[in-house]
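Source file model_14.cif; content: mmCIF, C-alpha atoms.
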```
data_input
#
loop_
_atom_site.label_atom_id
_atom_site.label_comp_id
_atom_site.auth_asym_id
_atom_site.auth_seq_id
_atom_site.Cartn_x
_atom_site.Cartn_y
_atom_site.Cartn_z
CA MET A 1 0.80 13.66 17.14
CA SER A 2 2.85 10.66 18.20
CA PRO A 3 3.64 7.89 15.72
CA ALA A 4 1.32 4.91 15.55
CA PRO A 5 2.15 1.97 17.77
CA ALA A 6 4.02 -0.72 15.89
CA LEU A 7 3.85 -4.47 16.34
CA SER A 8 6.80 -6.64 15.42
CA VAL A 9 6.33 -9.60 13.10
CA GLU A 10 6.60 -11.92 16.09
CA GLN A 11 3.95 -10.01 18.07
CA SER A 12 1.66 -9.89 15.05
CA SER A 13 2.02 -13.55 14.14
CA SER A 14 1.25 -14.66 17.69
CA ARG A 15 -1.93 -12.52 17.70
CA ILE A 16 -2.93 -12.80 14.03
CA HIS A 17 -6.20 -14.61 14.79
CA GLU A 18 -7.38 -11.95 17.26
CA LEU A 19 -6.41 -8.93 15.12
CA THR A 20 -8.42 -7.33 12.34
CA VAL A 21 -5.78 -6.94 9.64
CA VAL A 22 -6.23 -4.15 7.09
CA ASP A 23 -3.91 -4.12 4.07
CA VAL A 24 -3.69 -0.60 2.56
CA ARG A 25 -1.78 -1.57 -0.58
CA THR A 26 -3.35 -1.50 -4.03
CA PRO A 27 -5.59 -4.43 -5.00
CA GLY A 28 -2.90 -5.72 -7.36
CA GLU A 29 -0.29 -5.74 -4.62
CA TYR A 30 -2.78 -7.32 -2.21
CA ALA A 31 -3.58 -10.08 -4.72
CA SER A 32 0.12 -10.86 -5.10
CA GLY A 33 0.22 -11.93 -1.45
CA HIS A 34 -1.15 -10.68 1.87
CA LEU A 35 -1.26 -11.64 5.53
CA PRO A 36 -3.80 -14.37 6.29
CA GLY A 37 -7.26 -12.91 6.86
CA ALA A 38 -6.27 -9.40 5.76
CA HIS A 39 -8.92 -7.06 4.38
CA ASN A 40 -7.89 -4.86 1.44
CA ILE A 41 -8.68 -1.17 1.75
CA PRO A 42 -6.33 0.83 -0.48
CA LEU A 43 -4.89 3.89 1.24
CA ASP A 44 -6.71 6.23 -1.13
CA ARG A 45 -10.05 4.65 -0.08
CA LEU A 46 -9.44 4.90 3.65
CA GLN A 47 -11.80 7.85 4.17
CA GLN A 48 -14.66 5.85 2.65
CA ALA A 49 -13.90 2.96 5.03
CA LEU A 50 -13.82 4.98 8.28
CA PRO A 51 -17.29 3.92 9.54
CA ALA A 52 -16.55 0.22 8.96
CA LEU A 53 -13.09 0.54 10.53
CA ARG A 54 -14.55 2.32 13.57
CA THR A 55 -16.97 -0.60 14.02
CA ALA A 56 -14.21 -3.17 13.57
CA SER A 57 -11.94 -1.38 16.06
CA ALA A 58 -14.71 -1.47 18.66
CA ARG A 59 -14.65 -5.29 18.44
CA GLY A 60 -10.86 -5.63 18.73
CA ASP A 61 -7.43 -4.38 17.76
CA LEU A 62 -6.64 -3.22 14.22
CA LEU A 63 -3.34 -4.01 12.51
CA VAL A 64 -2.62 -1.95 9.40
CA VAL A 65 -0.21 -3.44 6.87
CA CYS A 66 1.53 -2.39 3.65
CA ALA A 67 4.68 -3.50 1.85
CA SER A 68 7.24 -1.74 4.06
CA GLY A 69 5.37 0.09 6.81
CA ALA A 70 5.32 3.60 5.29
CA ARG A 71 1.77 3.57 3.89
CA SER A 72 0.44 1.77 6.96
CA ALA A 73 1.95 4.45 9.22
CA THR A 74 0.20 7.08 7.11
CA ALA A 75 -3.06 5.13 7.38
CA CYS A 76 -2.69 4.84 11.17
CA ALA A 77 -2.21 8.61 11.39
CA VAL A 78 -5.42 9.18 9.39
CA LEU A 79 -7.28 6.72 11.59
CA ALA A 80 -5.96 8.40 14.74
CA GLU A 81 -7.24 11.76 13.47
CA HIS A 82 -10.69 10.16 13.46
CA GLY A 83 -10.37 8.58 16.90
CA ILE A 84 -9.62 5.06 15.64
CA THR A 85 -6.67 3.30 17.28
CA ALA A 86 -4.58 1.02 15.07
CA ALA A 87 -1.08 -0.42 15.05
CA THR A 88 1.22 -0.86 12.09
CA LEU A 89 3.28 -3.94 11.23
CA GLU A 90 6.99 -3.10 11.54
CA GLY A 91 8.58 -3.64 8.14
CA GLY A 92 5.29 -4.59 6.46
CA THR A 93 4.76 -7.69 4.36
CA ALA A 94 8.43 -7.64 3.38
CA ALA A 95 9.46 -8.24 7.01
CA TRP A 96 6.65 -10.79 7.40
CA THR A 97 8.04 -12.96 4.56
CA GLU A 98 11.67 -12.37 5.58
CA ARG A 99 10.84 -13.96 8.95
CA GLY A 100 9.50 -17.06 7.18
CA HIS A 101 5.77 -16.42 7.37
CA ASP A 102 3.58 -17.23 4.39
CA LEU A 103 1.43 -14.80 2.48
CA HIS A 104 -2.04 -15.78 1.32
CA ARG A 105 -2.42 -15.77 -2.47
CA PRO A 106 -5.99 -16.41 -3.60
CA ALA A 107 -6.35 -18.76 -6.55
CA GLY A 108 -7.26 -16.96 -9.75
CA ALA A 109 -6.71 -13.49 -8.29
CA ARG A 110 -5.41 -10.83 -10.60
CA THR A 111 -1.88 -9.83 -9.70
CA ALA A 112 0.17 -6.75 -10.43
CA TRP A 113 3.70 -5.77 -9.72
CA ALA A 114 4.45 -4.26 -6.34
CA MET A 115 4.02 -0.47 -6.39
CA GLU A 116 7.75 0.09 -5.83
CA ARG A 117 8.49 -1.98 -8.94
CA GLN A 118 5.86 -0.09 -10.96
CA VAL A 119 7.42 3.22 -9.89
CA ARG A 120 10.92 2.03 -10.84
CA LEU A 121 9.68 0.96 -14.30
CA ALA A 122 7.81 4.21 -14.92
CA ALA A 123 10.61 6.46 -13.63
CA GLY A 124 13.32 4.56 -15.49
CA SER A 125 11.32 4.54 -18.71
CA LEU A 126 10.64 8.27 -18.52
CA VAL A 127 14.30 9.07 -17.79
CA LEU A 128 15.42 6.89 -20.70
CA LEU A 129 12.80 8.44 -22.99
CA GLY A 130 13.93 11.93 -22.02
CA LEU A 131 17.56 11.09 -22.71
CA ILE A 132 16.85 9.45 -26.07
CA ALA A 133 14.52 12.26 -27.19
CA GLY A 134 17.09 14.75 -25.90
CA ARG A 135 19.51 13.66 -28.62
CA ARG A 136 17.24 15.32 -31.21
CA ARG A 137 15.52 17.89 -29.01
CA PRO A 138 17.74 19.00 -26.11
CA ALA A 139 14.75 20.42 -24.23
CA ALA A 140 13.39 16.84 -23.89
CA ARG A 141 16.12 16.20 -21.33
CA MET A 142 13.98 18.24 -18.96
CA VAL A 143 11.75 15.16 -18.66
CA SER A 144 14.70 13.26 -17.19
CA ALA A 145 15.59 16.18 -14.94
CA GLY A 146 12.00 16.45 -13.73
CA ILE A 147 11.81 12.75 -12.89
CA ALA A 148 15.17 12.94 -11.08
CA GLY A 149 13.93 15.92 -9.06
CA GLY A 150 10.72 14.07 -8.25
CA LEU A 151 12.67 11.04 -7.01
CA VAL A 152 14.85 13.20 -4.77
CA PHE A 153 11.76 14.95 -3.38
CA SER A 154 10.13 11.56 -2.86
CA ALA A 155 13.10 10.29 -0.87
CA LEU A 156 13.35 13.43 1.25
CA THR A 157 9.64 13.53 2.12
CA ASP A 158 8.99 9.77 2.19
CA THR A 159 6.08 10.30 -0.19
CA CYS A 160 5.67 9.31 -3.80
CA GLY A 161 3.57 11.28 -6.24
CA MET A 162 4.26 8.80 -9.01
CA ALA A 163 2.91 5.96 -6.86
CA ARG A 164 -0.25 8.00 -6.27
CA VAL A 165 -0.70 8.41 -10.01
CA LEU A 166 0.05 4.75 -10.75
CA ALA A 167 -2.39 3.66 -8.03
CA LYS A 168 -5.17 5.15 -10.16
CA LEU A 169 -4.50 2.77 -13.07
CA PRO A 170 -7.23 0.15 -13.58
CA HIS A 171 -5.11 -2.83 -12.47
CA ASN A 172 -4.38 -1.06 -9.18
CA ARG A 173 -7.99 -0.06 -8.42
CA PRO A 174 -10.40 -2.13 -6.36
CA ARG A 175 -13.50 -3.40 -8.06
CA PRO A 176 -16.47 -1.65 -6.40
CA ALA A 177 -17.98 -5.00 -5.43
CA ASP A 178 -14.71 -6.10 -3.78
CA LEU A 179 -14.47 -2.94 -1.69
CA ASP A 180 -18.17 -3.06 -0.77
CA ALA A 181 -17.78 -6.69 0.39
CA THR A 182 -14.72 -5.77 2.46
CA LEU A 183 -16.50 -2.86 4.11
CA ALA A 184 -19.54 -5.04 4.86
CA ALA A 185 -17.32 -7.71 6.42
CA LEU A 186 -15.59 -5.13 8.62
CA ALA A 187 -18.86 -3.49 9.66
CA GLY A 188 -20.58 -6.83 10.19
#
```

Entire entry expressed as structure tokens:
Amino acid sequence: MSPAPALSVEQSSSRIHELTVVDVRTPGEYASGHLPGAHNIPLDRLQQALPALRTASARGDLLVVCASGARSATACAVLAEHGITAATLEGGTAAWTERGHDLHRPAGARTAWAMERQVRLAAGSLVLLGLIAGRRRPAARMVSAGIAGGLVFSALTDTCGMARVLAKLPHNRPRPADLDATLAALAG
């Protein structure tokens, strides 16, 4: 299967009002800032959203967004498997802000650290814990070795198991009412 079409920041910004923008980051990441008018459907909830996304794509073009473009490319591949055409934003929200465009931050929204930052904190903490515990129990150093191996695997495969686990934490999960409202808006 060929990679999803990608729109540059300039192409996306000039068409932002005619695109249906779907942000596949966690709700915490989405709340910390997203493209204007973006709908939040976390990547792990994409299957549930397929009917609404099919309806939305019939009305116009879909643009799928994440922090860097990796998760949105994955989402576009899933959508393509189900006959839904979507483009990804080259470089994600990071490129969007680097080019001087604003992100929408709703007042009073709960915010969480970006997933990459959460992964760095968790991985670093576990490595440090393994090294400290390894001073008394040498076998505890295996925790550090395991995390290091996981990070290497993550880099080689461009996937992140730790991010998948962290995405299941309560602050990274959508409230059912929020996701239902998003799906209704897309299907509407």

Correct to one decimal, the distance CA of Ser72 in chain A-CA of Arg25 in chain A is 8.5 Å

Can you list, as a VMD selection string, the residues that the PyMOL selection byres ((chain A and resi 62) around 6) selects here? chain A and resid 19 to 21 57 61 63 86

So that I have them on file, write out the residues from the current selection with C-alpha atoms, as a PDB file, keeping the file's coordinate frame.
```pdb
ATOM      1  CA  LEU A  19      -6.410  -8.930  15.120  1.00  0.00           C
ATOM      2  CA  THR A  20      -8.420  -7.330  12.340  1.00  0.00           C
ATOM      3  CA  VAL A  21      -5.780  -6.940   9.640  1.00  0.00           C
ATOM      4  CA  SER A  57     -11.940  -1.380  16.060  1.00  0.00           C
ATOM      5  CA  ASP A  61      -7.430  -4.380  17.760  1.00  0.00           C
ATOM      6  CA  LEU A  63      -3.340  -4.010  12.510  1.00  0.00           C
ATOM      7  CA  ALA A  86      -4.580   1.020  15.070  1.00  0.00           C
TER       8      ALA A  86
END
```

Could you check how far CA of Ala75 in chain A sits from CA of Gly124 in chain A, in Å to one decimal?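 Computing the Euclidean distance for CA of Ala75 in chain A and CA of Gly124 in chain A yields 28.1 Å.
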
Work out how far apart CA of Asp178 in chain A and CA of Gly37 in chain A are and give it in Å to one decimal. 14.7 Å

From the list A:Glu29, A:Glu10, A:Glu81, A:Glu18, which residue is nearest His104 in chain A when using all atoms listed in the file?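 Closest candidate: A:Glu29.
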
Enumerate, as a VMD selection string, the protein, DNA and RNA residues whose atoms approach (16.5, 13.4, -15.1) to within 12 Å, taking into account all atoms listed in the file and the coordinate frame of the file. chain A and resid 123 to 132 134 139 to 152

Generate a file of the selected residues that holds C-alpha atoms, formatted as a PDB file, in the coordinates of the input.
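What follows is the written file result25.pdb:
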```
ATOM      1  CA  ALA A 123      10.610   6.460 -13.630  1.00  0.00           C
ATOM      2  CA  GLY A 124      13.320   4.560 -15.490  1.00  0.00           C
ATOM      3  CA  SER A 125      11.320   4.540 -18.710  1.00  0.00           C
ATOM      4  CA  LEU A 126      10.640   8.270 -18.520  1.00  0.00           C
ATOM      5  CA  VAL A 127      14.300   9.070 -17.790  1.00  0.00           C
ATOM      6  CA  LEU A 128      15.420   6.890 -20.700  1.00  0.00           C
ATOM      7  CA  LEU A 129      12.800   8.440 -22.990  1.00  0.00           C
ATOM      8  CA  GLY A 130      13.930  11.930 -22.020  1.00  0.00           C
ATOM      9  CA  LEU A 131      17.560  11.090 -22.710  1.00  0.00           C
ATOM     10  CA  ILE A 132      16.850   9.450 -26.070  1.00  0.00           C
ATOM     11  CA  GLY A 134      17.090  14.750 -25.900  1.00  0.00           C
ATOM     12  CA  ALA A 139      14.750  20.420 -24.230  1.00  0.00           C
ATOM     13  CA  ALA A 140      13.390  16.840 -23.890  1.00  0.00           C
ATOM     14  CA  ARG A 141      16.120  16.200 -21.330  1.00  0.00           C
ATOM     15  CA  MET A 142      13.980  18.240 -18.960  1.00  0.00           C
ATOM     16  CA  VAL A 143      11.750  15.160 -18.660  1.00  0.00           C
ATOM     17  CA  SER A 144      14.700  13.260 -17.190  1.00  0.00           C
ATOM     18  CA  ALA A 145      15.590  16.180 -14.940  1.00  0.00           C
ATOM     19  CA  GLY A 146      12.000  16.450 -13.730  1.00  0.00           C
ATOM     20  CA  ILE A 147      11.810  12.750 -12.890  1.00  0.00           C
ATOM     21  CA  ALA A 148      15.170  12.940 -11.080  1.00  0.00           C
ATOM     22  CA  GLY A 149      13.930  15.920  -9.060  1.00  0.00           C
ATOM     23  CA  GLY A 150      10.720  14.070  -8.250  1.00  0.00           C
ATOM     24  CA  LEU A 151      12.670  11.040  -7.010  1.00  0.00           C
ATOM     25  CA  VAL A 152      14.850  13.200  -4.770  1.00  0.00           C
TER      26      VAL A 152
END
```
